[in-house]
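Q: Handing you this structure, nothing more for now.
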2 protein chains.
Amino acid sequence: MKGQRTRAGILDRAVNLASVEGLEGVTIGRLADELSMSKSGLFAHFGSKEELQLATVEAARDRFVEEVVRPALGAPRGYPRLMAICSSWLDYVRREVFAGGCFFAAASFEFDGRPGAVRDAIAAAMDEWMATLEKAVLMAKDEGHLAPTIDPAQLAFELNALFFGANFAWNLRHDEKAFDRAERAIEQRLSAVVVAQKGRTRATRPHRSLAHARDDTTATSSSRTRRGRR
Amino acid sequence: MKGQRTRAGILDRAVNLASVEGLEGVTIGRLADELSMSKSGLFAHFGSKEELQLATVEAARDRFVEEVVRPALGAPRGYPRLMAICSSWLDYVRREVFAGGCFFAAASFEFDGRPGAVRDAIAAAMDEWMATLEKAVLMAKDEGHLAPTIDPAQLAFELNALFFGANFAWNLRHDEKAFDRAERAIEQRLSAVVVAQKGRTRATRPHRSLAHARDDTTATSSSRTRRGRR
DNA sequence: GACGAAAACGAACGTTCGTGCTATTATCCG
DNA sequence: CGGATAATAGCACGAACGTTCGTTTTCGTC
C-alpha cells in the first residue's frame with residue numbers, strides 16, 4: 001500500500017529532526033508542515049504522539065543497524081571485526097547518517113530521567129547495541145586476538161564512552177580533532193590488550209586498522225574548533 | 001532584596017528540573033506551579049524564556065564549580081589533584097548533585113544541534129570545564145608526575161568521555177557497575193602514563209587514588225542493571 | 001469505469017505555551 | 001510611620017500543542 005511509503009517517509013524525516021531537536025522537539029504540526037501534509041493526515045498513521053515516538057526510535061534503530069552494524073559484520077570475526085565496528089561508528093557520525101549526530105546518544109540523554117515506553121525503547125536499543133559491542137569483544141578474545149584477562153563488558157563500556165565523547169566534541173564543540181582523538185584513544189586502549197599472533201605478525205600489533213598510526217607525542221594543547229557551520 | 005532570594009530559589013528548582021526533563025522541558029507554568037507562585041510573577045524575574053534558560057545554565061555552572069571543581073582544588077597540584085577531579089566528578093553524579101544526572105551532559109546533547117545564545121552558553125561552560133581538565137593534566141605533567149609525551153587535550157578528551165559514559169550507564173541503563181567501570185578505566189589509563197617519583201615511591205604507581213586497586217581479571221560479562229528506582 | 005477501502009484533509013476541540021499589561025501587595029528606607 | 005520602590009498576582013492574548021471527527025480525495029481491484 002501507499003500508506004507504508006508515506007509512513008516510512010514521515011519516520012525518515014522524524015528521525016533526522018529528532019537527532020537535531022530531540023525526540024520531544026519533533027512536533028506533529030511541524031513534521032506535517034515539512035512534509036507538506038496535514039496534521040490529521042500524518043497523525044492518523046500513528047494514533048498518538050507516543051506511538052510516533054516509538055516508531056521513530058524503531059526507525060532509527062533500523063537505520064543504525066543498517067549503517068553501522070551490518071557493514072562491520074563483513075569483516076572477519078575477532079579483532080578485525082571489532083576494529084571495523086569502531087571505525088564504522090565514528091564514520092556514522094562523520095557521514096551524518098543522522099543530521100544532528102548520533103540519534104541514540106541524544107535520545108539517551110534526553111530520556112534517561114523519565115519513565116515510560118519511549119524511554120524503555122531507547123534503553124532496549126542501547127542494550128542491544130552494547131550487547132553487540134560486548135559480543136565483538138568476546139569473539140576477539142575467543143579467537144585469541146585479545147588477552148584472556150579482558151572483561152568484555154568493561155571494554156565495551158570504554159569504547160562506547162569514547163564514541164559518545166567523540167559525538168559530543170564534534171557536535172557541540174565543533175572540535176575538528178574529535179574523531180582523531182577517539183581513534184587514537186581506541187588504538188591506544190586496544191594495543192594494550194592485543195595478543196601477538198602465532199604466525200608471522202609483528203608482536204603487539206597484529207592488525208592495525210583505524211587509519212594512520214600515531215603516538216602520544218603529537219600536538220600539545222587547545223584542540224580548538226571549527227566554529228561556524230550548520 | 002528578597003527578589004534575589006526568590007530568583008535563586010527559582011533557579012535552584014529549574015536546574016534540577018532541567019537535569020531531568022531537559023532545558024526545553026522546563027516550562028514557566030510548570031515551574032511556577034511547583035514553587036506555588038504565579039506564572040507572571042516568576043516570569044518577571046527573567047523577562048523571557050531564553051533569559052531564564054541562560055540564568056539556569058549559569059546557576060548550574062556555579063553549582064558544578066562549587067560541587068566538583070572547588071573541592072578538588074584542595075588536593076596538591078599534579079597527579080593527586082587530577083585524581084581528585086576525576087573522583088569528584090564521579091561522586092557528583094553518584095551524590096545526585098543534580099536530580100537527573102549531569103546537567104551539562106544532558107544540556108550538551110540537547111542543544112548541540114541548535115544555534116542560539118543558550119547553546120553558546122552551554123558550549124562556553126563545557127569549554128571552561130575541558131580547560132580545567134586540561135590544565136590539571138598539564139600541571140601533573142609539569143610536576144613530573146605524568147610522562148612528558150602526554151597530550152593534555154587528548155587525555156582530557158578521554159577522561160571526559162569516560163565521565164559521560166558513566167553518566168549514561170548509570171542514568172539510562174541503571175548499570176550498578178557504571179562508576180566502577182569508569183574508575184577502573186581511569187586508573188588503567190593513567191597508570192600507563194604515570195612516572196615514577198624520585199624519592200621513595202614504588203615505581204609506576206606513585207599515587208593510587210580511586211578507592212580500591214583492581215586488575216583486569218575480575219568479573220566476566222553482562223553488567224546488568226539495578227532495574228527499578230526513581 | 002464503478003465501487004469499497006485506505007489515505008489524506010480541514011476545521012475545531014481543550015490545553016498549555018510564552019508574553020504582555022494593569023493592579024495589588026510587600027518590602028525597604030528616610 | 002509613610003511614601004517610594006520592588007515583587008507578585010490576575011487576566012488576557014495569540015500561537016502551537018495533541019487529539020477528534022466528519023468529509024473528501026485517491027488508490028487498488030474486479
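Residues in the C-alpha cells are named by chain (A, B, ... in the order shown) and by number from 1 within that chain; ligands are numbered from 1 in the order shown.
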When you look at DG4 (chain C) with a cut-off of 12 Å (counting only C-alpha atoms (C1' of nucleotides)), what residues show up, excluding the ones that are within fewer than 2 positions of it in the same chain? I need them as a list of chain:residue names.

A: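 Counting only the stated atoms, we get C:DA2, C:DA6, D:DC27, D:DG28, D:DT29, D:DC30.
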
Q: How would the residues just chosen look if you wrote them out with N, CA and C atoms (P, O5', C5', C4', C3', O3' and C1' of nucleotides) as an mmCIF file, in the first residue's frame?

A:
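The result, written out as part.cif:
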data_model
loop_
_atom_site.group_PDB
_atom_site.id
_atom_site.type_symbol
_atom_site.label_atom_id
_atom_site.label_comp_id
_atom_site.auth_asym_id
_atom_site.auth_seq_id
_atom_site.Cartn_x
_atom_site.Cartn_y
_atom_site.Cartn_z
ATOM 1 P P DA C 2 -18.785 4.835 -14.436
ATOM 2 O "O5'" DA C 2 -18.888 3.760 -13.263
ATOM 3 C "C5'" DA C 2 -19.409 2.459 -13.556
ATOM 4 C "C4'" DA C 2 -19.350 1.620 -12.293
ATOM 5 C "C3'" DA C 2 -19.771 2.354 -11.023
ATOM 6 O "O3'" DA C 2 -20.479 1.426 -10.204
ATOM 7 C "C1'" DA C 2 -17.513 1.659 -10.817
ATOM 8 P P DA C 6 -9.192 -1.238 4.193
ATOM 9 O "O5'" DA C 6 -8.053 -0.181 3.852
ATOM 10 C "C5'" DA C 6 -7.387 -0.274 2.592
ATOM 11 C "C4'" DA C 6 -6.714 1.043 2.272
ATOM 12 C "C3'" DA C 6 -5.990 1.681 3.452
ATOM 13 O "O3'" DA C 6 -4.718 2.101 2.980
ATOM 14 C "C1'" DA C 6 -7.495 3.227 2.513
ATOM 15 P P DC D 27 -3.242 8.368 -6.051
ATOM 16 O "O5'" DC D 27 -3.640 6.880 -5.663
ATOM 17 C "C5'" DC D 27 -3.406 6.439 -4.315
ATOM 18 C "C4'" DC D 27 -4.000 5.055 -4.140
ATOM 19 C "C3'" DC D 27 -3.619 4.062 -5.224
ATOM 20 O "O3'" DC D 27 -2.874 3.021 -4.613
ATOM 21 C "C1'" DC D 27 -5.983 4.026 -4.771
ATOM 22 P P DG D 28 -2.174 1.931 -5.501
ATOM 23 O "O5'" DG D 28 -3.205 0.717 -5.425
ATOM 24 C "C5'" DG D 28 -3.558 0.175 -4.164
ATOM 25 C "C4'" DG D 28 -4.619 -0.892 -4.353
ATOM 26 C "C3'" DG D 28 -4.295 -1.931 -5.431
ATOM 27 O "O3'" DG D 28 -4.622 -3.216 -4.910
ATOM 28 C "C1'" DG D 28 -6.381 -0.897 -5.905
ATOM 29 P P DT D 29 -4.530 -4.535 -5.856
ATOM 30 O "O5'" DT D 29 -6.037 -4.785 -6.298
ATOM 31 C "C5'" DT D 29 -7.063 -4.726 -5.286
ATOM 32 C "C4'" DT D 29 -8.396 -5.195 -5.852
ATOM 33 C "C3'" DT D 29 -8.318 -6.292 -6.923
ATOM 34 O "O3'" DT D 29 -9.365 -7.226 -6.686
ATOM 35 C "C1'" DT D 29 -9.446 -4.408 -7.811
ATOM 36 P P DC D 30 -9.303 -8.698 -7.429
ATOM 37 O "O5'" DC D 30 -10.649 -8.712 -8.282
ATOM 38 C "C5'" DC D 30 -11.915 -8.583 -7.616
ATOM 39 C "C4'" DC D 30 -12.927 -7.990 -8.574
ATOM 40 C "C3'" DC D 30 -13.215 -8.835 -9.815
ATOM 41 O "O3'" DC D 30 -14.592 -9.194 -9.831
ATOM 42 C "C1'" DC D 30 -12.918 -6.538 -10.371
#

Q: Find the residues of chain C in contact range of chain B, meaning any atom within 12 Å when counting only C-alpha atoms (C1' of nucleotides), and list them as a list in words.

A: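 Selected residues: DT16, DC17, DG18, DT19, DG20, DC21, DA26, DT27 and DC28 of chain C.
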
Q: Check every residue of chain D for an atom within 12 Å of chain A, counting only C-alpha atoms (C1' of nucleotides), and provide those that qualify as a list in words.

A: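 Therefore, the residues near the partner are DA16, DC17, DG18, DT19, DT20, DC21, DT26, DC27 and DG28 of chain D.
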
Q: Go ahead and write the residues just picked, N, CA and C atoms (P, O5', C5', C4', C3', O3' and C1' of nucleotides), as a compact mmCIF listing (two decimals), in the first residue's frame.

A:
# COMPACT_ATOMS: atom_id res chain seq x y z
P DA D 16 2.43 29.37 15.40
O5' DA D 16 2.49 28.05 16.30
C5' DA D 16 3.46 27.96 17.33
C4' DA D 16 3.10 26.78 18.19
C3' DA D 16 2.83 25.50 17.40
O3' DA D 16 3.69 24.46 17.86
C1' DA D 16 1.08 25.93 18.96
P DC D 17 3.71 23.06 17.19
O5' DC D 17 3.00 22.15 18.28
C5' DC D 17 3.56 22.09 19.60
C4' DC D 17 2.55 21.50 20.56
C3' DC D 17 1.87 20.23 20.07
O3' DC D 17 2.72 19.13 20.31
C1' DC D 17 0.33 21.68 21.19
P DG D 18 2.57 17.89 19.41
O5' DG D 18 1.30 17.15 20.05
C5' DG D 18 1.38 16.71 21.39
C4' DG D 18 0.02 16.18 21.82
C3' DG D 18 -0.46 14.95 21.05
O3' DG D 18 -1.13 14.07 21.93
C1' DG D 18 -2.01 16.70 20.76
P DT D 19 -1.65 12.63 21.39
O5' DT D 19 -3.16 12.96 20.98
C5' DT D 19 -4.03 13.53 21.96
C4' DT D 19 -5.37 13.84 21.36
C3' DT D 19 -5.97 12.72 20.49
O3' DT D 19 -7.13 12.21 21.15
C1' DT D 19 -6.30 14.88 19.53
P DT D 20 -7.93 10.98 20.50
O5' DT D 20 -9.14 11.73 19.78
C5' DT D 20 -10.02 12.55 20.54
C4' DT D 20 -11.08 13.15 19.62
C3' DT D 20 -11.77 12.12 18.71
O3' DT D 20 -13.17 12.16 18.98
C1' DT D 20 -11.09 14.05 17.49
P DC D 21 -14.17 11.09 18.36
O5' DC D 21 -14.78 11.87 17.11
C5' DC D 21 -15.09 13.26 17.22
C4' DC D 21 -15.50 13.80 15.85
C3' DC D 21 -16.13 12.74 14.95
O3' DC D 21 -17.34 13.22 14.41
C1' DC D 21 -14.37 13.88 13.83
P DT D 26 -7.15 13.83 -5.56
O5' DT D 26 -6.62 12.36 -5.30
C5' DT D 26 -5.75 12.11 -4.18
C4' DT D 26 -5.66 10.62 -3.96
C3' DT D 26 -5.26 9.82 -5.21
O3' DT D 26 -4.01 9.20 -4.93
C1' DT D 26 -7.02 8.77 -4.02
P DC D 27 -3.24 8.37 -6.05
O5' DC D 27 -3.64 6.88 -5.66
C5' DC D 27 -3.41 6.44 -4.32
C4' DC D 27 -4.00 5.06 -4.14
C3' DC D 27 -3.62 4.06 -5.22
O3' DC D 27 -2.87 3.02 -4.61
C1' DC D 27 -5.98 4.03 -4.77
P DG D 28 -2.17 1.93 -5.50
O5' DG D 28 -3.20 0.72 -5.43
C5' DG D 28 -3.56 0.17 -4.16
C4' DG D 28 -4.62 -0.89 -4.35
C3' DG D 28 -4.30 -1.93 -5.43
O3' DG D 28 -4.62 -3.22 -4.91
C1' DG D 28 -6.38 -0.90 -5.90

Q: Counting only C-alpha atoms, which residues from chain A have an atom at most 8 Å from any atom of chain B, and could you show them as a VMD selection string?

A: chain A and resid 19 to 22 100 to 101 105 to 106 108 to 114 123 127 134 149 to 154 157 to 158 160 to 166 168 171 to 173 181 to 182 185 216 to 223

Q: Keeping C-alpha atoms, export the residues of the selection given above as a compact mmCIF listing (two decimals), in the first residue's frame.

A:
# COMPACT_ATOMS: atom_id res chain seq x y z
CA SER A 19 18.57 13.88 16.11
CA VAL A 20 18.75 17.67 15.87
CA GLU A 21 15.89 18.93 18.01
CA GLY A 22 15.35 15.98 20.30
CA GLY A 100 22.23 16.06 14.24
CA GLY A 101 24.78 13.45 15.24
CA ALA A 105 23.28 9.49 22.20
CA ALA A 106 20.84 12.38 22.03
CA SER A 108 19.60 8.53 25.74
CA PHE A 109 20.47 11.76 27.46
CA GLU A 110 17.07 13.23 26.74
CA PHE A 111 15.04 10.39 28.19
CA ASP A 112 17.32 8.98 30.84
CA GLY A 113 15.39 10.77 33.56
CA ARG A 114 11.83 9.92 32.62
CA ALA A 123 17.14 1.71 26.64
CA ASP A 127 21.16 -2.61 25.43
CA GLU A 134 30.44 -6.91 24.02
CA THR A 149 42.00 -11.38 31.06
CA ILE A 150 39.86 -8.88 29.17
CA ASP A 151 36.38 -8.17 30.54
CA PRO A 152 34.13 -7.66 27.50
CA ALA A 153 31.57 -5.53 29.33
CA GLN A 154 34.31 -3.30 30.66
CA PHE A 157 31.82 0.40 28.24
CA GLU A 158 35.06 2.19 27.46
CA ASN A 160 31.09 3.31 23.88
CA ALA A 161 32.19 6.14 26.16
CA LEU A 162 34.77 7.18 23.58
CA PHE A 163 32.11 7.13 20.86
CA PHE A 164 29.86 9.41 22.87
CA GLY A 165 32.84 11.57 23.68
CA ALA A 166 33.61 11.99 20.00
CA PHE A 168 29.99 15.40 21.95
CA ASN A 171 28.62 18.27 17.56
CA LEU A 172 28.74 20.66 20.48
CA ARG A 173 32.31 21.88 20.44
CA ARG A 181 41.13 11.77 19.39
CA ALA A 182 38.66 8.93 19.60
CA ALA A 185 42.28 6.52 22.27
CA ASP A 216 51.26 10.11 22.17
CA THR A 217 53.67 12.86 21.28
CA THR A 218 51.92 14.85 18.55
CA ALA A 219 50.39 18.25 19.26
CA THR A 220 50.18 19.86 22.64
CA SER A 221 47.02 21.51 23.83
CA SER A 222 43.95 23.54 23.00
CA SER A 223 42.03 21.41 20.44

Q: I need the residue nearest Ala44 (chain B) from this list: D:DA9, D:DT24, D:DG14, D:DC1. Use only C-alpha atoms (C1' of nucleotides) for the distance.

A: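 Ranked by minimum distance to Ala44 (chain B), first place goes to D:DA9.
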